[in-house]
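Text of entry_23.cif, listed as mmCIF, N, CA and C atoms:
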data_final
#
loop_
_atom_site.label_atom_id
_atom_site.label_comp_id
_atom_site.auth_asym_id
_atom_site.auth_seq_id
_atom_site.Cartn_x
_atom_site.Cartn_y
_atom_site.Cartn_z
N MET A 1 -7.10 -76.46 79.68
CA MET A 1 -7.67 -75.12 79.58
C MET A 1 -8.45 -75.04 78.26
N ALA A 2 -9.66 -74.55 78.32
CA ALA A 2 -10.51 -74.46 77.14
C ALA A 2 -10.07 -73.29 76.25
N LEU A 3 -10.41 -73.39 74.98
CA LEU A 3 -10.06 -72.35 74.01
C LEU A 3 -10.64 -71.01 74.41
N LYS A 4 -11.87 -71.02 74.93
CA LYS A 4 -12.52 -69.78 75.37
C LYS A 4 -11.69 -69.11 76.46
N ASP A 5 -11.18 -69.88 77.39
CA ASP A 5 -10.35 -69.33 78.48
C ASP A 5 -9.06 -68.71 77.93
N VAL A 6 -8.46 -69.39 76.97
CA VAL A 6 -7.23 -68.88 76.36
C VAL A 6 -7.50 -67.56 75.65
N LEU A 7 -8.59 -67.52 74.88
CA LEU A 7 -8.94 -66.29 74.16
C LEU A 7 -9.28 -65.17 75.14
N ASP A 8 -10.01 -65.47 76.19
CA ASP A 8 -10.33 -64.46 77.20
C ASP A 8 -9.06 -63.89 77.83
N ASP A 9 -8.09 -64.76 78.11
CA ASP A 9 -6.81 -64.30 78.67
C ASP A 9 -6.06 -63.41 77.68
N MET A 10 -6.08 -63.78 76.41
CA MET A 10 -5.41 -62.97 75.39
C MET A 10 -6.05 -61.59 75.27
N ILE A 11 -7.37 -61.56 75.27
CA ILE A 11 -8.10 -60.29 75.17
C ILE A 11 -7.77 -59.40 76.36
N ARG A 12 -7.73 -59.99 77.53
CA ARG A 12 -7.42 -59.23 78.74
C ARG A 12 -5.99 -58.70 78.70
N GLU A 13 -5.05 -59.53 78.27
CA GLU A 13 -3.64 -59.12 78.21
C GLU A 13 -3.41 -58.06 77.15
N MET A 14 -4.12 -58.14 76.03
CA MET A 14 -3.95 -57.19 74.94
C MET A 14 -4.77 -55.91 75.17
N ARG A 15 -5.57 -55.92 76.20
CA ARG A 15 -6.40 -54.77 76.58
C ARG A 15 -7.33 -54.31 75.45
N ILE A 16 -7.95 -55.28 74.79
CA ILE A 16 -8.90 -54.93 73.74
C ILE A 16 -10.33 -55.29 74.13
N GLY A 17 -10.50 -55.72 75.35
CA GLY A 17 -11.83 -56.11 75.81
C GLY A 17 -12.82 -54.96 75.74
N GLY A 18 -12.39 -53.75 76.09
CA GLY A 18 -13.28 -52.59 76.06
C GLY A 18 -13.77 -52.28 74.66
N LYS A 19 -12.90 -52.39 73.68
CA LYS A 19 -13.29 -52.14 72.28
C LYS A 19 -14.24 -53.22 71.79
N MET A 20 -14.01 -54.45 72.21
CA MET A 20 -14.91 -55.53 71.81
C MET A 20 -16.29 -55.32 72.43
N ASP A 21 -16.33 -54.88 73.69
CA ASP A 21 -17.61 -54.59 74.33
C ASP A 21 -18.33 -53.47 73.58
N GLU A 22 -17.58 -52.44 73.19
CA GLU A 22 -18.18 -51.32 72.47
C GLU A 22 -18.74 -51.78 71.13
N MET A 23 -18.06 -52.66 70.45
CA MET A 23 -18.55 -53.17 69.17
C MET A 23 -19.85 -53.94 69.36
N LYS A 24 -19.92 -54.75 70.41
CA LYS A 24 -21.15 -55.50 70.68
C LYS A 24 -22.29 -54.56 71.03
N VAL A 25 -22.02 -53.56 71.85
CA VAL A 25 -23.06 -52.60 72.25
C VAL A 25 -23.58 -51.86 71.02
N ARG A 26 -22.71 -51.42 70.15
CA ARG A 26 -23.12 -50.72 68.92
C ARG A 26 -24.01 -51.61 68.06
N LYS A 27 -23.58 -52.85 67.90
CA LYS A 27 -24.34 -53.79 67.08
C LYS A 27 -25.76 -53.95 67.62
N TYR A 28 -25.88 -54.19 68.92
CA TYR A 28 -27.21 -54.43 69.49
C TYR A 28 -28.02 -53.14 69.58
N TRP A 29 -27.39 -51.98 69.71
CA TRP A 29 -28.12 -50.72 69.67
C TRP A 29 -28.87 -50.61 68.34
N HIS A 30 -28.14 -50.86 67.26
CA HIS A 30 -28.74 -50.75 65.93
C HIS A 30 -29.84 -51.80 65.73
N GLU A 31 -29.62 -53.00 66.23
CA GLU A 31 -30.63 -54.06 66.08
C GLU A 31 -31.89 -53.75 66.89
N LEU A 32 -31.72 -53.32 68.13
CA LEU A 32 -32.87 -53.09 69.01
C LEU A 32 -33.62 -51.80 68.71
N MET A 33 -32.92 -50.77 68.31
CA MET A 33 -33.56 -49.47 68.16
C MET A 33 -34.18 -49.26 66.78
N GLY A 34 -33.78 -50.01 65.81
CA GLY A 34 -34.40 -49.92 64.50
C GLY A 34 -33.80 -48.83 63.62
N THR A 35 -34.29 -48.79 62.40
CA THR A 35 -33.75 -47.91 61.37
C THR A 35 -33.95 -46.43 61.69
N TYR A 36 -35.14 -46.07 62.13
CA TYR A 36 -35.43 -44.65 62.36
C TYR A 36 -34.48 -44.05 63.40
N ILE A 37 -34.38 -44.69 64.53
CA ILE A 37 -33.51 -44.17 65.60
C ILE A 37 -32.04 -44.26 65.19
N THR A 38 -31.66 -45.35 64.54
CA THR A 38 -30.29 -45.50 64.06
C THR A 38 -29.92 -44.37 63.10
N ASN A 39 -30.85 -44.00 62.22
CA ASN A 39 -30.58 -42.93 61.27
C ASN A 39 -30.45 -41.57 61.94
N HIS A 40 -31.03 -41.40 63.12
CA HIS A 40 -30.94 -40.13 63.84
C HIS A 40 -29.86 -40.15 64.93
N THR A 41 -29.14 -41.26 65.04
CA THR A 41 -28.02 -41.37 65.98
C THR A 41 -26.77 -40.87 65.28
N THR A 42 -26.18 -39.80 65.81
CA THR A 42 -24.99 -39.23 65.17
C THR A 42 -23.70 -39.83 65.71
N ARG A 43 -23.74 -40.28 66.95
CA ARG A 43 -22.53 -40.83 67.57
C ARG A 43 -22.95 -41.73 68.71
N ILE A 44 -22.22 -42.81 68.91
CA ILE A 44 -22.49 -43.72 70.01
C ILE A 44 -21.16 -44.32 70.47
N PHE A 45 -20.95 -44.31 71.78
CA PHE A 45 -19.77 -45.00 72.28
C PHE A 45 -20.01 -45.49 73.71
N TYR A 46 -19.26 -46.51 74.08
CA TYR A 46 -19.40 -47.17 75.38
C TYR A 46 -18.08 -47.04 76.12
N LYS A 47 -18.17 -46.67 77.40
CA LYS A 47 -16.96 -46.57 78.22
C LYS A 47 -17.31 -46.83 79.68
N GLN A 48 -16.71 -47.83 80.26
CA GLN A 48 -16.80 -48.13 81.69
C GLN A 48 -18.23 -48.14 82.21
N GLY A 49 -19.09 -48.90 81.55
CA GLY A 49 -20.46 -49.06 82.03
C GLY A 49 -21.43 -47.99 81.57
N LYS A 50 -20.93 -47.00 80.85
CA LYS A 50 -21.79 -45.91 80.39
C LYS A 50 -21.89 -45.95 78.87
N LEU A 51 -23.13 -45.86 78.38
CA LEU A 51 -23.37 -45.79 76.95
C LEU A 51 -23.77 -44.36 76.62
N PHE A 52 -22.97 -43.72 75.80
CA PHE A 52 -23.22 -42.34 75.37
C PHE A 52 -23.84 -42.38 73.98
N VAL A 53 -25.01 -41.75 73.84
CA VAL A 53 -25.70 -41.73 72.55
C VAL A 53 -26.00 -40.28 72.20
N TYR A 54 -25.58 -39.88 71.03
CA TYR A 54 -25.83 -38.52 70.53
C TYR A 54 -26.87 -38.61 69.42
N LEU A 55 -27.91 -37.80 69.55
CA LEU A 55 -29.03 -37.82 68.61
C LEU A 55 -29.25 -36.45 67.99
N GLU A 56 -29.83 -36.44 66.79
CA GLU A 56 -30.12 -35.19 66.09
C GLU A 56 -31.40 -34.52 66.60
N SER A 57 -32.37 -35.31 66.98
CA SER A 57 -33.71 -34.82 67.28
C SER A 57 -33.93 -34.63 68.78
N SER A 58 -34.37 -33.43 69.17
CA SER A 58 -34.67 -33.16 70.58
C SER A 58 -35.84 -33.99 71.07
N ALA A 59 -36.85 -34.14 70.23
CA ALA A 59 -38.03 -34.94 70.61
C ALA A 59 -37.63 -36.40 70.83
N LEU A 60 -36.78 -36.92 69.97
CA LEU A 60 -36.30 -38.29 70.10
C LEU A 60 -35.45 -38.44 71.36
N LYS A 61 -34.64 -37.45 71.66
CA LYS A 61 -33.84 -37.47 72.90
C LYS A 61 -34.74 -37.62 74.11
N GLN A 62 -35.82 -36.85 74.13
CA GLN A 62 -36.76 -36.90 75.26
C GLN A 62 -37.43 -38.27 75.38
N GLU A 63 -37.86 -38.81 74.25
CA GLU A 63 -38.51 -40.13 74.24
C GLU A 63 -37.56 -41.21 74.77
N LEU A 64 -36.34 -41.20 74.29
CA LEU A 64 -35.38 -42.22 74.72
C LEU A 64 -34.96 -42.00 76.17
N TYR A 65 -34.89 -40.75 76.59
CA TYR A 65 -34.55 -40.47 77.99
C TYR A 65 -35.59 -41.09 78.91
N LEU A 66 -36.85 -40.96 78.54
CA LEU A 66 -37.92 -41.51 79.38
C LEU A 66 -37.91 -43.04 79.38
N ALA A 67 -37.41 -43.64 78.32
CA ALA A 67 -37.39 -45.10 78.21
C ALA A 67 -36.02 -45.70 78.51
N ARG A 68 -35.11 -44.92 79.07
CA ARG A 68 -33.72 -45.37 79.22
C ARG A 68 -33.58 -46.62 80.08
N THR A 69 -34.39 -46.77 81.12
CA THR A 69 -34.28 -47.96 81.98
C THR A 69 -34.62 -49.22 81.18
N LYS A 70 -35.66 -49.14 80.38
CA LYS A 70 -36.05 -50.28 79.56
C LYS A 70 -35.00 -50.56 78.48
N ILE A 71 -34.45 -49.51 77.90
CA ILE A 71 -33.41 -49.67 76.87
C ILE A 71 -32.19 -50.36 77.45
N ILE A 72 -31.77 -49.94 78.63
CA ILE A 72 -30.62 -50.56 79.30
C ILE A 72 -30.89 -52.04 79.55
N ALA A 73 -32.08 -52.34 80.06
CA ALA A 73 -32.44 -53.74 80.35
C ALA A 73 -32.44 -54.58 79.07
N ASN A 74 -33.00 -54.05 78.00
CA ASN A 74 -33.05 -54.79 76.73
C ASN A 74 -31.66 -55.01 76.16
N LEU A 75 -30.82 -54.00 76.20
CA LEU A 75 -29.45 -54.16 75.69
C LEU A 75 -28.66 -55.17 76.53
N ASN A 76 -28.75 -55.07 77.85
CA ASN A 76 -28.03 -56.01 78.71
C ASN A 76 -28.54 -57.44 78.52
N GLU A 77 -29.84 -57.59 78.30
CA GLU A 77 -30.39 -58.92 78.05
C GLU A 77 -29.82 -59.49 76.76
N ARG A 78 -29.77 -58.67 75.72
CA ARG A 78 -29.24 -59.11 74.43
C ARG A 78 -27.75 -59.41 74.55
N LEU A 79 -27.02 -58.61 75.33
CA LEU A 79 -25.58 -58.82 75.52
C LEU A 79 -25.29 -60.02 76.42
N GLN A 80 -26.28 -60.47 77.16
CA GLN A 80 -26.17 -61.58 78.11
C GLN A 80 -25.20 -61.29 79.25
N GLU A 81 -25.07 -60.01 79.56
CA GLU A 81 -24.28 -59.57 80.72
C GLU A 81 -24.64 -58.11 81.01
N ASP A 82 -24.39 -57.68 82.22
CA ASP A 82 -24.74 -56.32 82.62
C ASP A 82 -23.61 -55.35 82.32
N LEU A 83 -23.37 -55.09 81.05
CA LEU A 83 -22.32 -54.16 80.66
C LEU A 83 -22.74 -52.72 80.87
N ILE A 84 -23.99 -52.40 80.56
CA ILE A 84 -24.45 -51.02 80.58
C ILE A 84 -25.12 -50.72 81.92
N GLN A 85 -24.55 -49.77 82.64
CA GLN A 85 -25.11 -49.33 83.91
C GLN A 85 -25.88 -48.03 83.77
N GLU A 86 -25.46 -47.23 82.79
CA GLU A 86 -26.04 -45.89 82.62
C GLU A 86 -26.12 -45.56 81.14
N LEU A 87 -27.23 -44.92 80.74
CA LEU A 87 -27.42 -44.48 79.36
C LEU A 87 -27.46 -42.95 79.37
N ILE A 88 -26.52 -42.35 78.68
CA ILE A 88 -26.42 -40.88 78.64
C ILE A 88 -26.80 -40.45 77.23
N ILE A 89 -27.88 -39.68 77.14
CA ILE A 89 -28.40 -39.26 75.85
C ILE A 89 -28.12 -37.78 75.69
N ARG A 90 -27.51 -37.42 74.57
CA ARG A 90 -27.16 -36.03 74.31
C ARG A 90 -27.58 -35.64 72.92
#

Take the structure I supplied and represent it as structure tokens, if you would.
Amino acid sequence: MALKDVLDDMIREMRIGGKMDEMKVRKYWHELMGTYITNHTTRIFYKQGKLFVYLESSALKQELYLARTKIIANLNERLQEDLIQELIIR
């Protein structure tokens, strides 16, 4: 059994996989969206395929809402798996 398989089993048994996914999603959100959007993001969390993003600016909310399909695709590409099914902007 490979070390990766052992670690994957441990993560699954300890039920920390969701938190690890959330950490990866947060990291890539900040990398992909840049400083301006990151500075206007007040809260971000991932749960069961949904990425919830809270923003300060109404105009920015509208812009990201219109680009949400592309944002999801870019994040999933960076994550190398289809973790994000839906992007909820508030």

### Best match for closeness to Lys27 (chain A) among A:Ala67, A:Val6, A:Leu79, A:Ile89, counting only C-alpha atoms
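Under the stated criterion, the closest residue is A:Leu79.
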
### Contacts of Arg26 (chain A) at 9 Å (only C-alpha atoms; same-chain gap of 4+ positions) as JSON, numbers by chain
{"A": [21, 22, 30, 31, 44, 45, 46]}

### Query
On this structure, which residues satisfy the PyMOL selection byres ((chain A and resi 47-51) around 6.5), written as a list in words?
Phe45, Tyr46, Phe52, Val53, Leu83, Ile84, Gln85, Glu86, Leu87, Ile88 and Ile89 of chain A

### Minimum-distance residue to His40 (chain A), chosen among A:Lys61, A:Ile71, A:Glu56, A:Val25 (using all atoms listed in the file)
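For His40 (chain A), the nearest of the candidates is A:Glu56.
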
## Note on the structure
A straight line from atom C of Asn39 (chain A) to CA of Glu81 (chain A) spans 26.7 Å

### Message
Quick check for you: according to DSSP on this backbone, which residues of chain A are classed as strand (DSSP E or B)? Reply as a ChimeraX atom specification.
### Response
/A:41-47,50-55,86-89

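Atom to atom, atom C of Tyr36 (chain A) and atom C of Gln62 (chain A) stand 13.6 Å apart.
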
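Going from atom N of Met23 (chain A) to CA of Thr35 (chain A) covers 18.7 Å.
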
### Task
Please report, as a PyMOL selection string, each residue of chain A to which DSSP assigns helix (DSSP H, G or I) when run on this structure's backbone.
chain A and resi 3-14+17-40+58-66+68-79
